Amino acid sequence: MPSFKIDVSTTVVFVATPPTPKLVSKQTGEIAIDRETGAPLATVGLLVADEGEGEGNLYQVTVPNTGVPENLAPGTPVTVVGLKARDWENTFNGQTRHGISFRAVAVTPLGA
């Protein structure tokens with residue numbers, strides 16, 4: 001499926017939840033791997049507020065571990081590199097689900 005670039009140049013972004021390993025399966029604990037780089041994947045909760053917004057939106061963004069610095073803590077202002085969105089749909093046990101997934105190349109502390 002196609003993905004779409006997201007321009008975050010006018011936004012303020014903060015870490016809402018620290019990076020956690022992205023799992024292929026909760027039952028096995030297997031960590032998802034980036035198909036292009038072979039790096040393990042992590043999920044970071046980001047609070048994104050655009051110009052003039054009083055409240056931000058929370059997005060769960062998948063990032064290769066190589067693009068996430070150690071000790072990235074909640075409340076840290078960050079820059080998001082290469083943010084893209086992709087729609088998805090799957091059917092499991094006869095029920096169809098759909099949504100939007102978010103992916104970035106890196107999340108770095110502002111000013112780093």
# chains A, B, ... in the order shown; residues from 1 in each chain; ligands from 1
call {"tool": "residues_around", "arguments": {"residues": "segment 98-100 of chain A", "least_positions_apart": "4", "cutoff": "12 Å", "atoms": "only C-alpha atoms", "output": "ChimeraX atom specification"}}
result
/A:1-4,59-62,84-92
call {"tool": "write_last_selection", "arguments": {"atoms": "all heavy atoms", "output": "short mmCIF file (atom, residue, chain, number, x, y, z; two decimals), in the first residue's frame"}}
result
data_model
loop_
_atom_site.label_atom_id
_atom_site.label_comp_id
_atom_site.auth_asym_id
_atom_site.auth_seq_id
_atom_site.Cartn_x
_atom_site.Cartn_y
_atom_site.Cartn_z
N MET A 1 0.84 -1.18 0.00
CA MET A 1 0.00 0.00 0.00
C MET A 1 0.88 1.24 0.00
O MET A 1 1.94 1.25 0.60
CB MET A 1 -0.90 0.02 1.24
CG MET A 1 -1.99 -0.98 1.21
SD MET A 1 -3.18 -0.58 2.51
CE MET A 1 -4.28 -1.93 2.22
N PRO A 2 0.40 2.31 -0.64
CA PRO A 2 1.20 3.53 -0.66
C PRO A 2 1.25 4.19 0.71
O PRO A 2 0.34 4.04 1.51
CB PRO A 2 0.47 4.41 -1.67
CG PRO A 2 -0.92 3.91 -1.69
CD PRO A 2 -0.84 2.44 -1.38
N SER A 3 2.32 4.93 0.92
CA SER A 3 2.42 5.72 2.15
C SER A 3 2.50 7.19 1.76
O SER A 3 2.81 7.53 0.62
CB SER A 3 3.65 5.30 2.96
OG SER A 3 4.83 5.52 2.22
N PHE A 4 2.21 8.05 2.72
CA PHE A 4 2.16 9.48 2.47
C PHE A 4 3.06 10.20 3.45
O PHE A 4 3.01 9.95 4.65
CB PHE A 4 0.71 9.99 2.63
CG PHE A 4 -0.24 9.27 1.73
CD1 PHE A 4 -0.92 8.15 2.18
CD2 PHE A 4 -0.43 9.70 0.43
CE1 PHE A 4 -1.78 7.47 1.34
CE2 PHE A 4 -1.30 9.03 -0.41
CZ PHE A 4 -1.98 7.91 0.03
N TYR A 59 0.03 10.03 18.76
CA TYR A 59 0.28 9.08 17.68
C TYR A 59 1.30 8.05 18.15
O TYR A 59 2.31 8.40 18.76
CB TYR A 59 0.84 9.79 16.44
CG TYR A 59 -0.12 10.79 15.85
CD1 TYR A 59 0.04 12.15 16.08
CD2 TYR A 59 -1.19 10.37 15.07
CE1 TYR A 59 -0.84 13.07 15.54
CE2 TYR A 59 -2.08 11.29 14.52
CZ TYR A 59 -1.89 12.63 14.76
OH TYR A 59 -2.76 13.54 14.24
N GLN A 60 1.03 6.79 17.85
CA GLN A 60 1.99 5.73 18.09
C GLN A 60 2.79 5.57 16.81
O GLN A 60 2.24 5.22 15.76
CB GLN A 60 1.28 4.42 18.45
CG GLN A 60 0.52 4.48 19.75
CD GLN A 60 1.41 4.72 20.95
OE1 GLN A 60 2.54 4.24 21.03
NE2 GLN A 60 0.91 5.48 21.90
N VAL A 61 4.09 5.84 16.87
CA VAL A 61 4.94 5.86 15.68
C VAL A 61 5.98 4.75 15.78
O VAL A 61 6.65 4.61 16.80
CB VAL A 61 5.64 7.24 15.54
CG1 VAL A 61 6.53 7.26 14.31
CG2 VAL A 61 4.60 8.36 15.49
N THR A 62 6.09 3.98 14.70
CA THR A 62 7.09 2.91 14.63
C THR A 62 8.38 3.50 14.09
O THR A 62 8.38 4.20 13.08
CB THR A 62 6.60 1.77 13.73
OG1 THR A 62 5.40 1.24 14.28
CG2 THR A 62 7.63 0.67 13.61
N LYS A 84 5.84 9.19 7.95
CA LYS A 84 4.91 8.78 6.90
C LYS A 84 3.70 8.10 7.53
O LYS A 84 3.79 7.54 8.62
CB LYS A 84 5.57 7.79 5.94
CG LYS A 84 6.66 8.40 5.09
CD LYS A 84 7.18 7.38 4.10
CE LYS A 84 8.24 8.01 3.22
NZ LYS A 84 8.69 7.06 2.19
N ALA A 85 2.58 8.16 6.83
CA ALA A 85 1.35 7.49 7.25
C ALA A 85 0.95 6.51 6.16
O ALA A 85 1.18 6.75 4.97
CB ALA A 85 0.23 8.50 7.47
N ARG A 86 0.36 5.39 6.59
CA ARG A 86 -0.10 4.37 5.65
C ARG A 86 -1.39 3.79 6.20
O ARG A 86 -1.48 3.48 7.39
CB ARG A 86 0.95 3.28 5.51
CG ARG A 86 0.58 2.19 4.51
CD ARG A 86 1.71 1.20 4.35
NE ARG A 86 1.92 0.38 5.52
CZ ARG A 86 1.28 -0.77 5.75
NH1 ARG A 86 0.40 -1.22 4.91
NH2 ARG A 86 1.54 -1.46 6.83
N ASP A 87 -2.38 3.64 5.32
CA ASP A 87 -3.61 3.01 5.78
C ASP A 87 -3.45 1.50 5.72
O ASP A 87 -2.65 0.98 4.95
CB ASP A 87 -4.83 3.49 4.98
CG ASP A 87 -4.74 3.15 3.51
OD1 ASP A 87 -3.62 3.06 2.98
OD2 ASP A 87 -5.79 2.99 2.88
N TRP A 88 -4.19 0.80 6.57
CA TRP A 88 -4.11 -0.66 6.60
C TRP A 88 -5.50 -1.24 6.83
O TRP A 88 -6.40 -0.56 7.31
CB TRP A 88 -3.13 -1.15 7.68
CG TRP A 88 -3.48 -0.72 9.06
CD1 TRP A 88 -3.04 0.40 9.70
CD2 TRP A 88 -4.37 -1.38 9.98
NE1 TRP A 88 -3.58 0.48 10.95
CE2 TRP A 88 -4.42 -0.61 11.16
CE3 TRP A 88 -5.13 -2.54 9.93
CZ2 TRP A 88 -5.17 -0.95 12.26
CZ3 TRP A 88 -5.88 -2.88 11.04
CH2 TRP A 88 -5.90 -2.10 12.18
N GLU A 89 -5.62 -2.49 6.46
CA GLU A 89 -6.87 -3.22 6.68
C GLU A 89 -6.54 -4.70 6.78
O GLU A 89 -5.70 -5.21 6.03
CB GLU A 89 -7.84 -2.97 5.52
CG GLU A 89 -9.17 -3.70 5.68
CD GLU A 89 -10.14 -3.37 4.58
OE1 GLU A 89 -10.63 -2.22 4.56
OE2 GLU A 89 -10.39 -4.24 3.74
N ASN A 90 -7.17 -5.39 7.72
CA ASN A 90 -7.01 -6.85 7.81
C ASN A 90 -8.30 -7.48 8.30
O ASN A 90 -9.14 -6.82 8.90
CB ASN A 90 -5.81 -7.24 8.67
CG ASN A 90 -5.96 -6.84 10.12
OD1 ASN A 90 -7.04 -6.71 10.65
ND2 ASN A 90 -4.83 -6.64 10.79
N THR A 91 -8.43 -8.73 7.99
CA THR A 91 -9.60 -9.49 8.43
C THR A 91 -9.12 -10.66 9.27
O THR A 91 -8.23 -11.41 8.86
CB THR A 91 -10.40 -10.01 7.21
OG1 THR A 91 -10.77 -8.88 6.42
CG2 THR A 91 -11.64 -10.75 7.65
N PHE A 92 -9.69 -10.79 10.46
CA PHE A 92 -9.33 -11.87 11.37
C PHE A 92 -10.61 -12.41 11.98
O PHE A 92 -11.42 -11.64 12.52
CB PHE A 92 -8.37 -11.36 12.45
CG PHE A 92 -7.86 -12.43 13.36
CD1 PHE A 92 -6.92 -13.34 12.92
CD2 PHE A 92 -8.33 -12.53 14.66
CE1 PHE A 92 -6.45 -14.33 13.77
CE2 PHE A 92 -7.88 -13.51 15.51
CZ PHE A 92 -6.93 -14.42 15.06
#
call {"tool": "select_by_dssp", "arguments": {"residues": "chain A", "states": "strand (DSSP E)", "output": "PyMOL selection string"}}
result
chain A and resi 3-5+12-21+41-49+57-64+78-81+84-92+95-103+106-109
call {"tool": "residues_around", "arguments": {"residues": "Pro21 of chain A", "least_positions_apart": "5", "cutoff": "10 Å", "atoms": "only C-alpha atoms", "output": "compact mmCIF listing (two decimals) with N, CA and C atoms, in the first residue's frame"}}
result
# COMPACT_ATOMS: atom_id res chain seq x y z
N GLY A 29 6.40 -12.95 22.09
CA GLY A 29 7.35 -11.90 22.47
C GLY A 29 8.33 -11.56 21.37
N GLU A 30 8.10 -12.09 20.17
CA GLU A 30 9.01 -11.84 19.04
C GLU A 30 8.95 -10.36 18.66
N ILE A 31 10.14 -9.75 18.53
CA ILE A 31 10.24 -8.33 18.19
C ILE A 31 10.24 -8.16 16.68
N ALA A 32 9.47 -7.19 16.19
CA ALA A 32 9.40 -6.90 14.76
C ALA A 32 10.73 -6.34 14.27
N ILE A 33 11.06 -6.67 13.04
CA ILE A 33 12.31 -6.26 12.41
C ILE A 33 12.00 -5.43 11.17
N PRO A 40 15.84 -3.93 14.74
CA PRO A 40 14.62 -4.13 15.52
C PRO A 40 13.79 -2.84 15.52
N LEU A 41 12.47 -2.98 15.63
CA LEU A 41 11.58 -1.83 15.61
C LEU A 41 11.08 -1.50 17.01
N ALA A 42 10.84 -0.21 17.23
CA ALA A 42 10.28 0.27 18.49
C ALA A 42 9.05 1.12 18.18
N THR A 43 8.20 1.28 19.18
CA THR A 43 7.04 2.16 19.08
C THR A 43 7.20 3.27 20.10
N VAL A 44 7.02 4.52 19.64
CA VAL A 44 7.13 5.69 20.51
C VAL A 44 5.81 6.46 20.44
N THR A 62 6.09 3.98 14.70
CA THR A 62 7.09 2.91 14.63
C THR A 62 8.38 3.50 14.09
N VAL A 63 9.50 3.18 14.77
CA VAL A 63 10.81 3.70 14.40
C VAL A 63 11.84 2.59 14.56
N PRO A 64 12.79 2.45 13.62
CA PRO A 64 13.88 1.49 13.85
C PRO A 64 14.67 1.89 15.09
N ASN A 65 15.13 0.91 15.85
CA ASN A 65 15.92 1.20 17.06
C ASN A 65 17.11 2.10 16.77
call {"tool": "residues_around", "arguments": {"residues": "Phe14 of chain A", "least_positions_apart": "4", "cutoff": "9 Å", "atoms": "only C-alpha atoms", "output": "CSV table (one decimal) with all heavy atoms, in the first residue's frame"}}
result
chain,number,residue,atom,x,y,z
A,45,GLY,N,5.3,6.8,21.6
A,45,GLY,CA,4.1,7.7,21.6
A,45,GLY,C,4.5,9.1,21.5
A,45,GLY,O,5.3,9.6,22.3
A,46,LEU,N,3.9,9.8,20.5
A,46,LEU,CA,4.3,11.2,20.3
A,46,LEU,C,3.1,12.1,20.4
A,46,LEU,O,2.0,11.8,19.9
A,46,LEU,CB,4.9,11.4,18.9
A,46,LEU,CG,6.2,10.7,18.7
A,46,LEU,CD1,6.7,10.9,17.3
A,46,LEU,CD2,7.3,11.1,19.7
A,47,LEU,N,3.2,13.2,21.1
A,47,LEU,CA,2.1,14.2,21.2
A,47,LEU,C,2.5,15.3,20.2
A,47,LEU,O,3.5,15.9,20.3
A,47,LEU,CB,2.1,14.8,22.6
A,47,LEU,CG,1.0,15.7,22.9
A,47,LEU,CD1,-0.4,15.0,22.8
A,47,LEU,CD2,1.1,16.2,24.3
A,48,VAL,N,1.6,15.5,19.2
A,48,VAL,CA,1.9,16.4,18.1
A,48,VAL,C,0.8,17.5,18.1
A,48,VAL,O,-0.4,17.2,18.1
A,48,VAL,CB,1.8,15.7,16.8
A,48,VAL,CG1,2.1,16.6,15.6
A,48,VAL,CG2,2.8,14.5,16.8
A,49,ALA,N,1.2,18.8,18.2
A,49,ALA,CA,0.3,19.9,18.2
A,49,ALA,C,0.8,20.8,17.1
A,49,ALA,O,1.9,21.2,16.9
A,49,ALA,CB,0.4,20.7,19.5
A,74,PRO,N,9.5,10.7,28.4
A,74,PRO,CA,8.2,11.5,28.2
A,74,PRO,C,8.5,12.9,28.6
A,74,PRO,O,9.2,13.3,29.5
A,74,PRO,CB,7.3,10.9,29.2
A,74,PRO,CG,7.7,9.4,29.3
A,74,PRO,CD,9.2,9.5,29.3
A,75,GLY,N,7.9,13.8,27.8
A,75,GLY,CA,8.1,15.3,28.0
A,75,GLY,C,9.2,15.9,27.2
A,75,GLY,O,9.3,17.1,27.1
A,76,THR,N,10.0,15.0,26.6
A,76,THR,CA,11.2,15.5,25.8
A,76,THR,C,10.7,16.1,24.5
A,76,THR,O,10.0,15.4,23.7
A,76,THR,CB,12.2,14.4,25.5
A,76,THR,OG1,12.6,13.8,26.7
A,76,THR,CG2,13.4,14.9,24.7
A,77,PRO,N,11.0,17.4,24.1
A,77,PRO,CA,10.7,17.9,22.8
A,77,PRO,C,11.6,17.2,21.8
A,77,PRO,O,12.8,17.1,22.0
A,77,PRO,CB,10.9,19.4,22.9
A,77,PRO,CG,11.8,19.5,24.1
A,77,PRO,CD,11.7,18.4,25.0
A,78,VAL,N,11.0,16.8,20.6
A,78,VAL,CA,11.7,16.0,19.6
A,78,VAL,C,11.5,16.6,18.2
A,78,VAL,O,10.5,17.3,18.0
A,78,VAL,CB,11.4,14.5,19.7
A,78,VAL,CG1,11.9,13.9,21.0
A,78,VAL,CG2,9.9,14.3,19.5
A,79,THR,N,12.4,16.2,17.4
A,79,THR,CA,12.2,16.3,15.9
A,79,THR,C,12.0,15.0,15.3
A,79,THR,O,12.6,14.0,15.7
A,79,THR,CB,13.5,16.9,15.3
A,79,THR,OG1,13.8,18.2,15.9
A,79,THR,CG2,13.4,17.1,13.8
A,109,PRO,N,16.0,14.2,20.1
A,109,PRO,CA,15.7,15.3,21.0
A,109,PRO,C,16.0,16.6,20.3
A,109,PRO,O,16.9,16.7,19.5
A,109,PRO,CB,16.7,15.1,22.1
A,109,PRO,CG,17.0,13.6,22.1
A,109,PRO,CD,16.9,13.2,20.7
call {"tool": "closest_residue", "arguments": {"among": "A:Glu51, A:Arg97, A:Glu70, A:Ala106", "to": "Thr10 of chain A", "atoms": "only C-alpha atoms"}}
result
A:Glu51
call {"tool": "atom_distance", "arguments": {"atom1": "atom CA of Gly67 of chain A", "atom2": "atom CA of Lys22 of chain A"}}
result
13.8 Å
call {"tool": "closest_residue", "arguments": {"among": "A:Val12, A:Val81, A:Val24, A:Leu72", "to": "Asp50 of chain A", "atoms": "only C-alpha atoms"}}
result
A:Val12
